[in-house]
>>> print(open('input08.cif').read())   # mmCIF, C-alpha atoms
data_coords
loop_
_atom_site.label_atom_id
_atom_site.label_comp_id
_atom_site.auth_asym_id
_atom_site.auth_seq_id
_atom_site.Cartn_x
_atom_site.Cartn_y
_atom_site.Cartn_z
CA MET A 2 -29.23 -0.77 -55.02
CA SER A 3 -28.87 -4.14 -56.61
CA THR A 4 -32.09 -5.93 -57.49
CA TYR A 5 -32.95 -9.15 -59.27
CA SER A 6 -36.08 -9.41 -61.40
CA VAL A 7 -38.20 -12.54 -61.34
CA ASP A 8 -40.90 -13.44 -63.84
CA MET A 9 -43.72 -15.22 -62.09
CA ALA A 10 -44.64 -18.45 -63.85
CA LYS A 11 -47.82 -18.59 -65.88
CA VAL A 12 -50.57 -20.16 -63.83
CA ARG A 13 -52.92 -22.50 -65.64
CA ALA A 14 -56.56 -21.75 -64.90
CA PRO A 15 -58.14 -24.70 -63.04
CA GLY A 16 -60.66 -26.86 -64.83
CA PRO A 17 -64.06 -27.81 -63.38
CA ALA A 18 -62.64 -30.89 -61.64
CA GLU A 19 -59.83 -28.84 -60.08
CA GLU A 20 -61.83 -25.90 -58.73
CA ALA A 21 -62.48 -27.63 -55.43
CA GLN A 22 -58.77 -28.27 -54.89
CA PRO A 23 -56.55 -25.76 -53.00
CA ALA A 24 -54.95 -23.28 -55.39
CA THR A 25 -51.26 -23.81 -54.99
CA GLY A 26 -49.98 -23.09 -58.50
CA PRO A 27 -46.43 -23.41 -59.77
CA PRO A 28 -43.57 -21.59 -58.05
CA LEU A 29 -41.96 -18.41 -59.26
CA SER A 30 -39.80 -18.91 -62.31
CA THR A 31 -36.34 -17.35 -62.27
CA THR A 32 -36.10 -17.45 -66.06
CA ALA A 33 -37.87 -15.06 -68.38
CA THR A 34 -40.49 -16.41 -70.75
CA HIS A 35 -40.05 -13.98 -73.63
CA GLY A 36 -40.85 -14.85 -77.22
CA SER A 37 -44.00 -16.89 -76.70
CA GLU A 38 -47.64 -16.02 -76.29
CA PRO A 39 -49.74 -17.33 -73.36
CA ARG A 40 -51.59 -20.48 -74.26
CA ASP A 41 -55.31 -20.99 -73.64
CA GLY A 42 -56.05 -21.24 -69.95
CA GLU A 43 -52.79 -19.52 -68.89
CA ILE A 44 -52.65 -16.26 -66.97
CA PRO A 45 -49.41 -14.23 -67.18
CA LEU A 46 -48.51 -12.85 -63.77
CA ALA A 47 -46.39 -9.87 -62.79
CA LYS A 48 -42.64 -9.45 -62.73
CA VAL A 49 -41.29 -8.63 -59.28
CA TYR A 50 -37.91 -7.28 -58.18
CA VAL A 51 -35.96 -9.02 -55.42
CA VAL A 52 -34.04 -6.59 -53.22
CA GLY A 53 -30.38 -6.97 -52.31
CA LEU A 54 -28.35 -7.08 -49.14
CA TRP A 55 -28.00 -3.37 -48.33
CA ARG A 56 -31.69 -2.52 -48.42
CA ARG A 57 -32.48 -5.49 -46.20
CA MET A 58 -29.70 -4.57 -43.76
CA ALA A 59 -31.09 -1.03 -43.55
CA ALA A 60 -34.51 -2.49 -42.74
CA ALA A 61 -32.93 -4.67 -40.04
CA VAL A 62 -31.30 -1.61 -38.45
CA ILE A 63 -34.68 0.17 -38.37
CA ASP A 64 -36.36 -2.86 -36.79
CA LEU A 65 -33.56 -3.21 -34.24
CA THR A 66 -33.93 0.46 -33.30
CA LEU A 67 -37.67 -0.03 -32.75
CA VAL A 68 -37.33 -3.10 -30.54
CA ALA A 69 -34.16 -2.00 -28.69
CA PRO A 70 -36.07 -0.60 -25.67
CA VAL A 71 -38.02 -3.84 -25.26
CA ILE A 72 -34.83 -5.88 -25.60
CA ALA A 73 -33.06 -3.68 -23.04
CA ILE A 74 -35.86 -4.09 -20.50
CA ALA A 75 -36.02 -7.85 -21.04
CA ALA A 76 -32.23 -8.20 -20.78
CA PHE A 77 -32.20 -6.15 -17.59
CA VAL A 78 -34.81 -8.43 -16.01
CA VAL A 79 -33.03 -11.63 -17.11
CA ILE A 80 -29.63 -10.45 -15.88
CA LYS A 81 -31.11 -9.38 -12.53
CA VAL A 82 -32.88 -12.71 -12.09
CA ALA A 83 -29.74 -14.63 -13.10
CA GLY A 84 -27.62 -12.66 -10.62
CA GLY A 85 -25.71 -10.56 -13.11
CA GLY A 86 -25.03 -7.85 -10.56
CA LEU A 87 -27.03 -4.98 -12.11
CA SER A 88 -28.30 -2.43 -9.63
CA THR A 89 -29.42 0.49 -11.81
CA TRP A 90 -30.24 1.17 -15.46
CA ARG A 91 -27.05 3.20 -15.80
CA VAL A 92 -24.88 0.08 -15.72
CA LEU A 93 -26.80 -1.45 -18.65
CA ARG A 94 -24.13 -0.28 -21.07
CA PRO A 95 -23.16 -1.69 -24.51
CA GLU A 96 -19.95 -3.32 -23.27
CA LEU A 97 -21.94 -5.26 -20.67
CA LEU A 98 -22.68 -7.97 -23.25
CA LEU A 99 -18.96 -8.51 -23.81
CA GLU A 100 -18.38 -8.76 -20.08
CA LEU A 101 -21.21 -11.29 -19.72
CA ALA A 102 -19.83 -13.29 -22.67
CA LEU A 103 -16.42 -13.52 -21.01
CA GLN A 104 -18.00 -14.59 -17.72
CA GLY A 105 -20.50 -17.00 -19.28
CA GLY A 106 -23.28 -18.33 -17.09
CA TRP A 107 -27.05 -18.00 -17.13
CA ALA A 108 -27.01 -14.20 -17.33
CA PHE A 109 -25.33 -14.29 -20.75
CA TYR A 110 -27.06 -17.30 -22.27
CA GLY A 111 -30.44 -16.28 -20.89
CA SER A 112 -30.10 -12.80 -22.39
CA ILE A 113 -29.07 -14.12 -25.81
CA THR A 114 -31.92 -16.65 -25.84
CA LEU A 115 -34.46 -14.01 -24.89
CA VAL A 116 -33.22 -11.58 -27.56
CA LEU A 117 -33.48 -14.28 -30.25
CA LEU A 118 -36.97 -15.26 -29.13
CA LEU A 119 -38.13 -11.64 -29.19
CA ALA A 120 -36.66 -11.20 -32.68
CA LEU A 121 -38.46 -14.35 -33.87
CA LEU A 122 -41.76 -13.20 -32.38
CA TYR A 123 -41.39 -9.71 -33.84
CA GLY A 124 -40.74 -11.00 -37.36
CA PHE A 125 -43.35 -13.74 -37.15
CA VAL A 126 -46.20 -11.44 -36.09
CA PHE A 127 -45.58 -8.77 -38.72
CA ILE A 128 -44.59 -10.90 -41.71
CA SER A 129 -47.32 -13.51 -41.21
CA THR A 130 -50.01 -10.83 -40.91
CA VAL A 131 -48.99 -8.01 -43.27
CA GLY A 132 -46.00 -9.42 -45.16
CA SER A 133 -43.36 -7.04 -43.80
CA THR A 134 -41.94 -5.66 -40.57
CA PRO A 135 -41.99 -1.89 -39.93
CA GLY A 136 -38.38 -1.71 -41.09
CA LEU A 137 -39.12 -3.62 -44.29
CA ARG A 138 -42.16 -1.45 -44.95
CA TRP A 139 -40.12 1.71 -44.44
CA MET A 140 -37.63 0.42 -47.02
CA ARG A 141 -40.53 -0.56 -49.31
CA VAL A 142 -39.85 -4.28 -49.08
CA ARG A 143 -42.27 -7.15 -48.53
CA VAL A 144 -41.88 -10.90 -48.25
CA ILE A 145 -43.67 -13.32 -50.57
CA ASN A 146 -43.63 -17.07 -50.98
CA ILE A 147 -42.59 -18.84 -54.18
CA TYR A 148 -46.15 -18.52 -55.48
CA GLY A 149 -46.19 -14.72 -55.17
CA ASP A 150 -48.49 -14.61 -52.13
CA ARG A 151 -47.92 -13.57 -48.55
CA PRO A 152 -46.02 -16.45 -46.93
CA GLU A 153 -47.91 -19.00 -44.86
CA TRP A 154 -47.35 -18.99 -41.11
CA TRP A 155 -45.17 -22.09 -41.24
CA ARG A 156 -42.96 -20.51 -43.90
CA VAL A 157 -42.56 -17.41 -41.74
CA LEU A 158 -41.65 -19.54 -38.73
CA LEU A 159 -39.21 -21.65 -40.75
CA ARG A 160 -37.73 -18.48 -42.25
CA GLY A 161 -37.21 -16.99 -38.80
CA VAL A 162 -35.61 -20.08 -37.29
CA SER A 163 -33.29 -20.56 -40.26
CA GLY A 164 -32.47 -16.85 -40.11
CA VAL A 165 -31.32 -17.28 -36.53
CA VAL A 166 -29.19 -20.24 -37.60
CA GLY A 167 -27.69 -18.10 -40.36
CA LEU A 168 -26.80 -15.40 -37.83
CA LEU A 169 -25.21 -17.93 -35.49
CA LEU A 170 -23.06 -19.09 -38.43
CA LEU A 171 -21.19 -15.76 -38.17
CA GLY A 172 -23.91 -14.11 -40.23
CA LEU A 173 -23.09 -16.16 -43.34
CA GLY A 174 -26.75 -16.97 -43.93
CA MET A 175 -27.50 -13.26 -44.36
CA LEU A 176 -24.28 -12.34 -46.16
CA TRP A 177 -25.08 -14.97 -48.80
CA ILE A 178 -27.68 -12.54 -50.16
CA GLY A 179 -24.86 -10.43 -51.55
CA PHE A 180 -23.46 -13.34 -53.56
CA ASP A 181 -26.58 -15.24 -54.54
CA ARG A 182 -27.84 -14.72 -58.10
CA GLU A 183 -31.44 -14.52 -56.88
CA LYS A 184 -30.59 -12.29 -53.88
CA ARG A 185 -31.88 -14.89 -51.43
CA GLY A 186 -30.34 -15.74 -48.10
CA LEU A 187 -30.15 -19.12 -46.42
CA HIS A 188 -33.48 -18.48 -44.70
CA ASP A 189 -35.16 -17.57 -48.00
CA TRP A 190 -33.98 -20.74 -49.72
CA ILE A 191 -35.03 -22.96 -46.81
CA ALA A 192 -38.47 -21.36 -46.36
CA GLY A 193 -39.17 -20.75 -50.06
CA THR A 194 -39.51 -16.97 -49.87
CA TYR A 195 -38.39 -13.80 -51.66
CA ALA A 196 -37.95 -10.27 -50.31
CA ILE A 197 -39.22 -7.99 -53.09
CA ARG A 198 -39.72 -4.29 -53.70
CA SER A 199 -43.28 -3.46 -52.69
CA GLY A 200 -45.40 -1.42 -55.02
CA VAL A 201 -43.17 -2.17 -58.01
CA ALA A 202 -44.45 -4.81 -60.42
CA HIS A 203 -44.75 -5.02 -64.18
CA GLN A 204 -46.86 -7.28 -66.28
CA ALA A 205 -44.64 -10.08 -67.54
CA ARG A 206 -44.76 -10.47 -71.30
CA GLY A 207 -45.57 -13.92 -72.59
#
>>> encode(input="input08.cif", output="structure tokens")
Amino acid sequence: MSTYSVDMAKVRAPGPAEEAQPATGPPLSTTATHGSEPRDGEIPLAKVYVVGLWRRMAAAVIDLTLVAPVIAIAAFVVIKVAGGGLSTWRVLRPELLLELALQGGWAFYGSITLVLLLALLYGFVFISTVGSTPGLRWMRVRVINIYGDRPEWWRVLLRGVSGVVGLLLLGLGMLWIGFDREKRGLHDWIAGTYAIRSGVAHQARG
């Protein structure tokens, strides 16, 4: 699978007057820093590998499989409340979404809104706490910010919202991963994140 390696920028050790300040550091550098030795006060960080489109799509399929029962129950409740005409679970079939889309109304829009909210909540809880969803973890992928740390909660939220926007744009925000040199989608660029191979890192040479 296609990967893109990123050398993390050398972080200058804070001086006495800077120790009380929050440690933000410089962002990840997408250019290698070969041929030079670390200067005094610099700490060379690890090289990470950004994963491509297919591994991330496989993770999305795993996550969708895990949350499908919850989505089905929620959609059933919304459609019933909105008067979608469901009487039993047996009529909750895959082509029902197409029928609701053709009819329009609150049953369709309510179901879509609820599915997107559940997806946002699912991704937000897992990525903000452990850095990956179950699907990402199964595919050995984790999300980091541009400083190499687990992304802050606001980055995760921004990443999720922009990911939804990318899906609504006919999935172009996600498909961009396959064409981007750094293997980052629209949501990664907006939130300042990378999806990297977990457990694979090499010390970057100065």
>>> resolve_selection(input="input08.cif", expression="the PyMOL selection byres ((chain A and resi 145) around 10)", output="ChimeraX atom specification")
/A:128,132-133,142-144,146-153,156-157,189,193-197
>>> atom_distance(input="input08.cif", atom1="atom CA of A:Ala69", atom2="atom CA of A:Tyr123")
11.8 Å
>>> atom_distance(input="input08.cif", atom1="atom CA of A:Leu159", atom2="atom CA of A:Asp181")
19.8 Å
>>> atom_distance(input="input08.cif", atom1="atom CA of A:Val166", atom2="atom CA of A:Ser199")
26.6 Å
>>> residues_around(input="input08.cif", residues="A:Trp55", least_positions_apart="2", cutoff="10 Å", atoms="all atoms listed in the file", output="list of chain:residue names")
A:Met2, A:Ser3, A:Val52, A:Gly53, A:Arg57, A:Met58, A:Ala59, A:Ala60, A:Ala61, A:Leu176, A:Ile178, A:Gly179
>>> closest_residue(input="input08.cif", among="A:Val68, A:Val82, A:Val162, A:Val131", to="A:Val116", atoms="only C-alpha atoms")
A:Val68
>>> residues_around(input="input08.cif", residues="A:Leu115", least_positions_apart="2", cutoff="12 Å", atoms="all atoms listed in the file", output="PDB file with C-alpha atoms, keeping the file's coordinate frame")
ATOM      1  CA  VAL A  71     -38.020  -3.840 -25.260  1.00  0.00           C
ATOM      2  CA  ILE A  72     -34.830  -5.880 -25.600  1.00  0.00           C
ATOM      3  CA  ALA A  73     -33.060  -3.680 -23.040  1.00  0.00           C
ATOM      4  CA  ILE A  74     -35.860  -4.090 -20.500  1.00  0.00           C
ATOM      5  CA  ALA A  75     -36.020  -7.850 -21.040  1.00  0.00           C
ATOM      6  CA  ALA A  76     -32.230  -8.200 -20.780  1.00  0.00           C
ATOM      7  CA  PHE A  77     -32.200  -6.150 -17.590  1.00  0.00           C
ATOM      8  CA  VAL A  78     -34.810  -8.430 -16.010  1.00  0.00           C
ATOM      9  CA  VAL A  79     -33.030 -11.630 -17.110  1.00  0.00           C
ATOM     10  CA  ILE A  80     -29.630 -10.450 -15.880  1.00  0.00           C
ATOM     11  CA  TRP A 107     -27.050 -18.000 -17.130  1.00  0.00           C
ATOM     12  CA  ALA A 108     -27.010 -14.200 -17.330  1.00  0.00           C
ATOM     13  CA  PHE A 109     -25.330 -14.290 -20.750  1.00  0.00           C
ATOM     14  CA  TYR A 110     -27.060 -17.300 -22.270  1.00  0.00           C
ATOM     15  CA  GLY A 111     -30.440 -16.280 -20.890  1.00  0.00           C
ATOM     16  CA  SER A 112     -30.100 -12.800 -22.390  1.00  0.00           C
ATOM     17  CA  ILE A 113     -29.070 -14.120 -25.810  1.00  0.00           C
ATOM     18  CA  LEU A 117     -33.480 -14.280 -30.250  1.00  0.00           C
ATOM     19  CA  LEU A 118     -36.970 -15.260 -29.130  1.00  0.00           C
ATOM     20  CA  LEU A 119     -38.130 -11.640 -29.190  1.00  0.00           C
ATOM     21  CA  ALA A 120     -36.660 -11.200 -32.680  1.00  0.00           C
ATOM     22  CA  LEU A 121     -38.460 -14.350 -33.870  1.00  0.00           C
ATOM     23  CA  LEU A 122     -41.760 -13.200 -32.380  1.00  0.00           C
TER      24      LEU A 122
END
>>> decode(input="input08.cif", residues="stretch 115-178 of chain A", atoms="C-alpha atoms", output="PDB file, in the first residue's frame")
ATOM      1  CA  LEU A 115     -28.703  11.454  12.479  1.00  0.00           C
ATOM      2  CA  VAL A 116     -26.264   9.160  10.638  1.00  0.00           C
ATOM      3  CA  LEU A 117     -23.793  12.031  10.160  1.00  0.00           C
ATOM      4  CA  LEU A 118     -24.064  13.054  13.811  1.00  0.00           C
ATOM      5  CA  LEU A 119     -23.463   9.486  14.971  1.00  0.00           C
ATOM      6  CA  ALA A 120     -20.435   9.226  12.682  1.00  0.00           C
ATOM      7  CA  LEU A 121     -19.050  12.503  14.066  1.00  0.00           C
ATOM      8  CA  LEU A 122     -19.580  11.370  17.654  1.00  0.00           C
ATOM      9  CA  TYR A 123     -18.010   7.973  16.983  1.00  0.00           C
ATOM     10  CA  GLY A 124     -14.878   9.467  15.438  1.00  0.00           C
ATOM     11  CA  PHE A 125     -14.610  12.272  17.973  1.00  0.00           C
ATOM     12  CA  VAL A 126     -14.759  10.003  21.032  1.00  0.00           C
ATOM     13  CA  PHE A 127     -12.185   7.494  19.814  1.00  0.00           C
ATOM     14  CA  ILE A 128      -9.693   9.779  18.063  1.00  0.00           C
ATOM     15  CA  SER A 129      -9.683  12.441  20.785  1.00  0.00           C
ATOM     16  CA  THR A 130      -9.100   9.839  23.512  1.00  0.00           C
ATOM     17  CA  VAL A 131      -6.881   7.143  21.966  1.00  0.00           C
ATOM     18  CA  GLY A 132      -5.907   8.566  18.575  1.00  0.00           C
ATOM     19  CA  SER A 133      -7.716   6.020  16.406  1.00  0.00           C
ATOM     20  CA  THR A 134     -11.091   4.384  15.874  1.00  0.00           C
ATOM     21  CA  PRO A 135     -11.431   0.590  16.153  1.00  0.00           C
ATOM     22  CA  GLY A 136     -11.207   0.354  12.371  1.00  0.00           C
ATOM     23  CA  LEU A 137      -8.074   2.488  12.242  1.00  0.00           C
ATOM     24  CA  ARG A 138      -6.512   0.479  15.051  1.00  0.00           C
ATOM     25  CA  TRP A 139      -7.295  -2.782  13.263  1.00  0.00           C
ATOM     26  CA  MET A 140      -5.526  -1.416  10.171  1.00  0.00           C
ATOM     27  CA  ARG A 141      -2.650  -0.189  12.384  1.00  0.00           C
ATOM     28  CA  VAL A 142      -3.309   3.487  11.725  1.00  0.00           C
ATOM     29  CA  ARG A 143      -3.430   6.389  14.149  1.00  0.00           C
ATOM     30  CA  VAL A 144      -4.069  10.100  13.788  1.00  0.00           C
ATOM     31  CA  ILE A 145      -1.552  12.726  14.886  1.00  0.00           C
ATOM     32  CA  ASN A 146      -1.427  16.494  14.676  1.00  0.00           C
ATOM     33  CA  ILE A 147       1.276  18.420  12.831  1.00  0.00           C
ATOM     34  CA  TYR A 148       3.445  18.309  15.959  1.00  0.00           C
ATOM     35  CA  GLY A 149       3.428  14.504  16.137  1.00  0.00           C
ATOM     36  CA  ASP A 150       1.074  14.276  19.131  1.00  0.00           C
ATOM     37  CA  ARG A 151      -2.446  12.986  19.509  1.00  0.00           C
ATOM     38  CA  PRO A 152      -4.692  15.698  18.031  1.00  0.00           C
ATOM     39  CA  GLU A 153      -6.395  18.168  20.342  1.00  0.00           C
ATOM     40  CA  TRP A 154     -10.151  17.896  20.751  1.00  0.00           C
ATOM     41  CA  TRP A 155     -10.801  20.923  18.558  1.00  0.00           C
ATOM     42  CA  ARG A 156      -8.675  19.447  15.774  1.00  0.00           C
ATOM     43  CA  VAL A 157     -10.644  16.204  15.979  1.00  0.00           C
ATOM     44  CA  LEU A 158     -13.926  18.103  15.830  1.00  0.00           C
ATOM     45  CA  LEU A 159     -12.738  20.250  12.922  1.00  0.00           C
ATOM     46  CA  ARG A 160     -11.444  17.135  11.161  1.00  0.00           C
ATOM     47  CA  GLY A 161     -14.791  15.405  11.558  1.00  0.00           C
ATOM     48  CA  VAL A 162     -16.873  18.341  10.344  1.00  0.00           C
ATOM     49  CA  SER A 163     -14.624  18.934   7.335  1.00  0.00           C
ATOM     50  CA  GLY A 164     -14.708  15.197   6.649  1.00  0.00           C
ATOM     51  CA  VAL A 165     -18.493  15.350   6.430  1.00  0.00           C
ATOM     52  CA  VAL A 166     -18.201  18.301   4.051  1.00  0.00           C
ATOM     53  CA  GLY A 167     -15.767  16.296   1.936  1.00  0.00           C
ATOM     54  CA  LEU A 168     -18.242  13.411   1.760  1.00  0.00           C
ATOM     55  CA  LEU A 169     -21.074  15.725   0.773  1.00  0.00           C
ATOM     56  CA  LEU A 170     -18.866  16.997  -2.070  1.00  0.00           C
ATOM     57  CA  LEU A 171     -19.344  13.602  -3.757  1.00  0.00           C
ATOM     58  CA  GLY A 172     -16.556  12.174  -1.624  1.00  0.00           C
ATOM     59  CA  LEU A 173     -13.912  14.388  -3.231  1.00  0.00           C
ATOM     60  CA  GLY A 174     -12.470  15.363   0.145  1.00  0.00           C
ATOM     61  CA  MET A 175     -11.610  11.717   0.824  1.00  0.00           C
ATOM     62  CA  LEU A 176     -10.614  10.803  -2.738  1.00  0.00           C
ATOM     63  CA  TRP A 177      -8.056  13.623  -2.673  1.00  0.00           C
ATOM     64  CA  ILE A 178      -5.917  11.376  -0.466  1.00  0.00           C
TER      65      ILE A 178
END
